[in-house]
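Engineer: Here you go, one structure.
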Amino acid sequence: GAVVSQHPSRVICKSGTSVKIECRSLDFQATTMFWYRQFPKQSLMLMATSNEGSKATYEQGVEKDKFLINHASLTLSTLTVTSAHPEDSSFYICSAPILGQKVKETQYFGPGTRLLVL
Amino acid sequence: KQEVTQIPAALSVPEGENLVLNCSFTDSAIYNLQWFRQDPGKGLTSLLLIQSSQREQTSGRLNASLDKSSGRSTLYIAASQPGDSATYLCAVRSGAGSYQLTFGKGTKLSVIP
(Lines give C-alpha, C1' and ligand atoms only; values in the text may rest on other atoms or scores of the structure.)
Protein backbone atom coordinates (compact mmCIF):
# COMPACT_ATOMS: atom_id res chain seq x y z
CA GLY A 1 0.00 0.00 0.00
CA ALA A 2 0.87 3.64 -0.19
CA VAL A 3 3.44 4.93 2.24
CA VAL A 4 3.88 8.32 3.80
CA SER A 5 6.99 9.06 5.81
CA GLN A 6 7.83 11.82 8.25
CA HIS A 7 11.15 13.09 9.43
CA PRO A 8 12.21 13.44 12.14
CA SER A 9 10.19 11.03 14.25
CA ARG A 10 10.92 13.06 17.35
CA VAL A 11 12.69 16.31 18.06
CA ILE A 12 13.59 18.24 21.17
CA CYS A 13 14.42 21.90 20.81
CA LYS A 14 14.90 25.00 22.89
CA SER A 15 12.26 27.66 23.14
CA GLY A 16 12.65 30.28 20.44
CA THR A 17 14.20 28.03 17.82
CA SER A 18 12.59 26.83 14.60
CA VAL A 19 11.91 23.23 13.73
CA LYS A 20 11.23 21.78 10.30
CA ILE A 21 9.20 18.61 9.83
CA GLU A 22 9.13 16.80 6.50
CA CYS A 23 6.30 14.74 5.07
CA ARG A 24 6.99 12.58 2.03
CA SER A 25 4.79 10.40 -0.11
CA LEU A 26 7.08 7.55 -1.07
CA ASP A 27 5.31 5.78 -3.88
CA PHE A 28 2.67 8.18 -5.13
CA GLN A 29 2.29 11.82 -5.97
CA ALA A 30 0.43 14.02 -3.55
CA THR A 31 -0.75 17.38 -4.78
CA THR A 32 -2.51 17.82 -1.46
CA MET A 33 -1.28 16.98 2.00
CA PHE A 34 -2.80 17.65 5.38
CA TRP A 35 -1.10 18.60 8.61
CA TYR A 36 -2.69 17.61 11.90
CA ARG A 37 -1.76 18.27 15.49
CA GLN A 38 -2.63 15.97 18.34
CA PHE A 39 -2.34 16.89 22.00
CA PRO A 40 -2.34 14.14 24.65
CA LYS A 41 -5.69 12.41 24.95
CA GLN A 42 -7.13 14.69 22.31
CA SER A 43 -8.20 14.10 18.77
CA LEU A 44 -6.31 15.01 15.66
CA MET A 45 -7.01 18.60 14.76
CA LEU A 46 -6.48 19.72 11.22
CA MET A 47 -4.05 22.61 11.10
CA ALA A 48 -3.69 23.27 7.41
CA THR A 49 -4.00 21.92 3.91
CA SER A 50 -0.80 21.95 1.92
CA ASN A 51 -1.20 22.47 -1.82
CA GLU A 52 1.59 21.80 -4.28
CA GLY A 53 2.52 24.93 -6.15
CA SER A 54 0.26 27.26 -4.19
CA LYS A 55 -0.26 28.66 -0.74
CA ALA A 56 -1.43 26.47 2.08
CA THR A 57 -4.85 27.02 3.56
CA TYR A 58 -4.99 27.27 7.32
CA GLU A 59 -7.75 26.35 9.71
CA GLN A 60 -9.24 28.99 11.93
CA GLY A 61 -7.02 29.78 14.87
CA VAL A 62 -3.81 28.46 13.31
CA GLU A 63 -1.18 31.17 12.81
CA LYS A 64 0.16 30.96 9.30
CA ASP A 65 3.24 33.01 10.17
CA LYS A 66 4.12 30.62 12.96
CA PHE A 67 3.46 27.38 11.12
CA LEU A 68 5.06 27.78 7.73
CA ILE A 69 4.09 25.22 5.12
CA ASN A 70 5.92 24.62 1.89
CA HIS A 71 4.79 22.08 -0.69
CA ALA A 72 7.61 22.36 -3.16
CA SER A 73 7.16 19.09 -5.02
CA LEU A 74 4.57 16.41 -5.63
CA THR A 75 6.10 14.20 -2.95
CA LEU A 76 7.22 16.60 -0.24
CA SER A 77 5.54 19.00 2.14
CA THR A 78 7.33 20.67 5.04
CA LEU A 79 5.96 22.23 8.19
CA THR A 80 8.23 24.69 9.99
CA VAL A 81 7.34 25.67 13.52
CA THR A 82 8.93 29.07 13.94
CA SER A 83 10.00 30.49 17.29
CA ALA A 84 8.74 27.39 19.03
CA HIS A 85 7.33 27.65 22.54
CA PRO A 86 6.58 24.91 25.07
CA GLU A 87 2.89 25.10 24.21
CA ASP A 88 3.78 23.99 20.67
CA SER A 89 4.89 20.66 22.07
CA SER A 90 2.63 18.13 20.42
CA PHE A 91 2.41 15.22 18.02
CA TYR A 92 2.32 16.41 14.42
CA ILE A 93 0.95 14.05 11.77
CA CYS A 94 0.69 14.52 8.04
CA SER A 95 -1.54 12.70 5.62
CA ALA A 96 -2.00 12.49 1.91
CA PRO A 97 -4.87 11.18 -0.20
CA ILE A 98 -4.36 9.41 -3.47
CA LEU A 99 -6.52 11.53 -5.71
CA GLY A 100 -8.84 9.87 -8.15
CA GLN A 101 -9.32 6.65 -6.21
CA LYS A 102 -13.05 6.71 -5.78
CA VAL A 103 -13.50 3.13 -4.67
CA LYS A 104 -10.80 2.90 -2.08
CA GLU A 105 -10.61 6.52 -1.11
CA THR A 106 -8.61 6.95 1.98
CA GLN A 107 -5.84 9.01 3.33
CA TYR A 108 -2.44 7.63 4.15
CA PHE A 109 -0.96 8.92 7.34
CA GLY A 110 2.63 9.43 8.26
CA PRO A 111 3.98 7.95 11.49
CA GLY A 112 3.99 11.33 13.20
CA THR A 113 6.61 13.63 14.70
CA ARG A 114 6.81 14.17 18.43
CA LEU A 115 7.93 17.74 19.16
CA LEU A 116 9.08 18.74 22.62
CA VAL A 117 9.98 22.36 23.20
CA LEU A 118 11.94 23.02 26.37
CA LYS B 1 -19.54 22.59 11.80
CA GLN B 2 -19.18 18.81 11.98
CA GLU B 3 -18.46 17.36 15.40
CA VAL B 4 -17.54 13.75 16.06
CA THR B 5 -17.98 12.11 19.45
CA GLN B 6 -16.73 8.73 20.55
CA ILE B 7 -18.01 6.79 23.52
CA PRO B 8 -16.58 5.40 25.70
CA ALA B 9 -13.30 7.27 26.03
CA ALA B 10 -11.66 4.14 27.40
CA LEU B 11 -12.61 0.51 27.58
CA SER B 12 -10.99 -2.48 29.25
CA VAL B 13 -12.10 -6.01 28.44
CA PRO B 14 -10.80 -9.51 29.04
CA GLU B 15 -9.36 -11.38 26.10
CA GLY B 16 -11.92 -13.17 23.96
CA GLU B 17 -14.79 -10.79 24.54
CA ASN B 18 -16.73 -9.18 21.75
CA LEU B 19 -17.00 -5.41 22.03
CA VAL B 20 -18.57 -2.38 20.40
CA LEU B 21 -17.13 1.09 20.00
CA ASN B 22 -19.45 3.98 19.25
CA CYS B 23 -19.10 7.05 17.11
CA SER B 24 -21.64 9.81 16.52
CA PHE B 25 -21.52 12.83 14.26
CA THR B 26 -23.66 15.95 14.21
CA ASP B 27 -24.07 16.56 10.48
CA SER B 28 -25.51 13.54 8.70
CA ALA B 29 -24.53 14.86 5.27
CA ILE B 30 -21.30 12.94 5.10
CA TYR B 31 -19.33 11.51 2.18
CA ASN B 32 -17.77 8.65 4.08
CA LEU B 33 -16.71 7.51 7.53
CA GLN B 34 -13.50 5.83 8.45
CA TRP B 35 -12.23 3.92 11.45
CA PHE B 36 -8.54 4.10 12.30
CA ARG B 37 -6.29 2.45 14.78
CA GLN B 38 -3.52 4.39 16.53
CA ASP B 39 -0.84 2.74 18.62
CA PRO B 40 0.93 4.85 21.28
CA GLY B 41 3.20 7.44 19.73
CA LYS B 42 2.46 6.17 16.25
CA GLY B 43 0.55 7.28 13.18
CA LEU B 44 -2.81 6.03 12.03
CA THR B 45 -3.72 2.78 10.33
CA SER B 46 -6.94 2.71 8.36
CA LEU B 47 -9.18 -0.18 9.40
CA LEU B 48 -12.44 0.27 7.57
CA LEU B 49 -13.98 2.89 5.30
CA ILE B 50 -17.74 3.10 4.78
CA GLN B 51 -19.14 5.16 1.95
CA SER B 52 -22.27 7.17 2.74
CA SER B 53 -24.36 4.81 0.61
CA GLN B 54 -23.20 1.73 2.51
CA ARG B 55 -24.52 0.26 5.72
CA GLU B 56 -21.54 -1.76 6.84
CA GLN B 57 -18.08 -3.00 6.04
CA THR B 58 -16.27 -6.06 7.32
CA SER B 59 -12.63 -6.99 7.57
CA GLY B 60 -11.67 -10.10 9.48
CA ARG B 61 -12.86 -9.74 13.06
CA LEU B 62 -13.91 -6.15 12.50
CA ASN B 63 -17.31 -4.95 11.41
CA ALA B 64 -18.26 -1.32 11.05
CA SER B 65 -21.82 -0.14 10.59
CA LEU B 66 -23.16 3.21 9.50
CA ASP B 67 -26.55 4.77 10.15
CA LYS B 68 -26.21 8.07 8.39
CA SER B 69 -29.67 9.36 9.19
CA SER B 70 -29.11 9.04 12.92
CA GLY B 71 -25.49 10.16 12.73
CA ARG B 72 -24.02 6.99 14.19
CA SER B 73 -21.43 4.36 13.47
CA THR B 74 -20.26 1.38 15.45
CA LEU B 75 -17.12 -0.68 15.28
CA TYR B 76 -17.60 -4.26 16.38
CA ILE B 77 -14.55 -6.29 17.33
CA ALA B 78 -15.09 -10.02 17.70
CA ALA B 79 -13.03 -12.28 19.93
CA SER B 80 -10.76 -9.52 21.15
CA GLN B 81 -7.03 -10.16 21.52
CA PRO B 82 -4.32 -8.35 23.49
CA GLY B 83 -2.91 -7.17 20.16
CA ASP B 84 -6.11 -5.21 19.60
CA SER B 85 -5.11 -2.86 22.42
CA ALA B 86 -4.84 0.60 20.88
CA THR B 87 -6.79 3.81 20.45
CA TYR B 88 -9.53 3.62 17.86
CA LEU B 89 -10.44 6.80 16.03
CA CYS B 90 -13.53 7.55 14.02
CA ALA B 91 -13.27 10.17 11.28
CA VAL B 92 -15.83 11.71 8.97
CA ARG B 93 -15.29 13.17 5.55
CA SER B 94 -18.00 15.66 4.85
CA GLY B 95 -17.95 16.12 1.11
CA ALA B 96 -16.68 14.79 -2.16
CA GLY B 97 -14.98 18.08 -2.90
CA SER B 98 -12.77 17.99 0.17
CA TYR B 99 -10.52 15.32 1.57
CA GLN B 100 -10.52 16.87 5.01
CA LEU B 101 -11.40 14.57 7.90
CA THR B 102 -13.01 15.45 11.21
CA PHE B 103 -11.87 13.14 13.98
CA GLY B 104 -13.33 12.03 17.27
CA LYS B 105 -11.14 11.89 20.37
CA GLY B 106 -10.93 8.15 20.17
CA THR B 107 -11.61 5.18 22.40
CA LYS B 108 -8.62 3.69 24.16
CA LEU B 109 -9.06 -0.07 24.22
CA SER B 110 -7.18 -2.37 26.55
CA VAL B 111 -7.59 -6.12 26.09
CA ILE B 112 -6.39 -7.96 29.16
CA PRO B 113 -4.85 -11.42 28.68
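By order in the C-alpha coordinates, chains are A, B, ...; within a chain, residues start at 1; ligands start at 1, following the order shown.
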Could you write out as a list in words the residues of chain A within 6 Å of chain B, counting only C-alpha atoms?
Structural biologist: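 In the required form, that comes to Gln42, Ser43, Phe109, Gly110, Pro111 and Gly112 of chain A.
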Engineer: Can you list every residue in chain B that DSSP puts in strand (DSSP E or B), as a PyMOL selection string?
Structural biologist: chain B and resi 4-7+10-14+19-25+32-38+44-51+56-59+62-67+72-77+86-93+101-103+107-112
Engineer: Choose the residue, out of B:Arg61, B:Arg37, B:Arg55, B:Arg72, that has the smallest atom-to-atom separation from Ala86 in chain B; count only C-alpha atoms.
Structural biologist: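 Answer, going by the shortest atom-to-atom distance: B:Arg37.
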Engineer: Taking 6 positions as the minimum chain separation for residues in the same chain, which residues sit within 9 Å of Thr32 in chain A when counting only C-alpha atoms? Answer as a PyMOL selection string.
Structural biologist: (chain A and resi 49-52+71+74+77+95-99) or (chain B and resi 99)
Engineer: Quick one: write out the picked residues with N, CA, C and O atoms as an mmCIF file, in the first residue's frame?
Structural biologist:
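Final output, saved to part_21.cif:
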data_model
loop_
_atom_site.group_PDB
_atom_site.id
_atom_site.type_symbol
_atom_site.label_atom_id
_atom_site.label_comp_id
_atom_site.auth_asym_id
_atom_site.auth_seq_id
_atom_site.Cartn_x
_atom_site.Cartn_y
_atom_site.Cartn_z
ATOM 1 N N THR A 49 -4.042 22.714 5.129
ATOM 2 C CA THR A 49 -3.995 21.919 3.910
ATOM 3 C C THR A 49 -2.868 22.455 3.047
ATOM 4 O O THR A 49 -2.839 23.657 2.727
ATOM 5 N N SER A 50 -1.963 21.578 2.710
ATOM 6 C CA SER A 50 -0.802 21.950 1.917
ATOM 7 C C SER A 50 -1.077 21.642 0.449
ATOM 8 O O SER A 50 -1.463 20.527 0.113
ATOM 9 N N ASN A 51 -0.907 22.626 -0.400
ATOM 10 C CA ASN A 51 -1.199 22.475 -1.817
ATOM 11 C C ASN A 51 0.074 22.682 -2.643
ATOM 12 O O ASN A 51 0.719 23.720 -2.529
ATOM 13 N N GLU A 52 0.388 21.705 -3.456
ATOM 14 C CA GLU A 52 1.587 21.798 -4.282
ATOM 15 C C GLU A 52 1.483 22.965 -5.258
ATOM 16 O O GLU A 52 0.494 23.095 -5.977
ATOM 17 N N HIS A 71 5.067 23.307 0.058
ATOM 18 C CA HIS A 71 4.790 22.076 -0.695
ATOM 19 C C HIS A 71 5.480 22.226 -2.040
ATOM 20 O O HIS A 71 4.845 22.540 -3.046
ATOM 21 N N LEU A 74 5.731 17.283 -5.719
ATOM 22 C CA LEU A 74 4.567 16.408 -5.630
ATOM 23 C C LEU A 74 4.734 15.308 -4.586
ATOM 24 O O LEU A 74 3.812 14.524 -4.365
ATOM 25 N N SER A 77 6.076 17.814 1.483
ATOM 26 C CA SER A 77 5.544 19.000 2.143
ATOM 27 C C SER A 77 6.318 19.175 3.441
ATOM 28 O O SER A 77 6.644 18.192 4.110
ATOM 29 N N SER A 95 -0.836 13.721 6.389
ATOM 30 C CA SER A 95 -1.540 12.698 5.615
ATOM 31 C C SER A 95 -1.647 13.148 4.175
ATOM 32 O O SER A 95 -1.551 14.344 3.868
ATOM 33 N N ALA A 96 -1.851 12.183 3.322
ATOM 34 C CA ALA A 96 -1.999 12.491 1.909
ATOM 35 C C ALA A 96 -3.005 11.535 1.292
ATOM 36 O O ALA A 96 -2.928 10.326 1.516
ATOM 37 N N PRO A 97 -3.949 12.059 0.524
ATOM 38 C CA PRO A 97 -4.874 11.178 -0.202
ATOM 39 C C PRO A 97 -4.291 10.842 -1.557
ATOM 40 O O PRO A 97 -3.467 11.590 -2.089
ATOM 41 N N ILE A 98 -4.697 9.723 -2.078
ATOM 42 C CA ILE A 98 -4.364 9.406 -3.468
ATOM 43 C C ILE A 98 -5.560 9.856 -4.275
ATOM 44 O O ILE A 98 -6.633 9.259 -4.213
ATOM 45 N N LEU A 99 -5.397 10.931 -5.014
ATOM 46 C CA LEU A 99 -6.519 11.531 -5.713
ATOM 47 C C LEU A 99 -6.988 10.631 -6.836
ATOM 48 O O LEU A 99 -6.202 9.964 -7.500
ATOM 49 N N TYR B 99 -11.035 16.515 0.922
ATOM 50 C CA TYR B 99 -10.518 15.325 1.566
ATOM 51 C C TYR B 99 -10.341 15.497 3.064
ATOM 52 O O TYR B 99 -9.854 14.605 3.741
#
Engineer: Ranking A:Ser15, A:Thr82, A:Ile21, A:Phe34 by minimum distance to Tyr108 in chain A and counting only C-alpha atoms, which one comes first?
Structural biologist: A:Phe34
Engineer: Which of these residues is nearest to Arg10 in chain A, using only C-alpha atoms: A:Thr80, A:Ser89, A:Ser73, A:Gln107?
Structural biologist: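 Closest candidate: A:Ser89.
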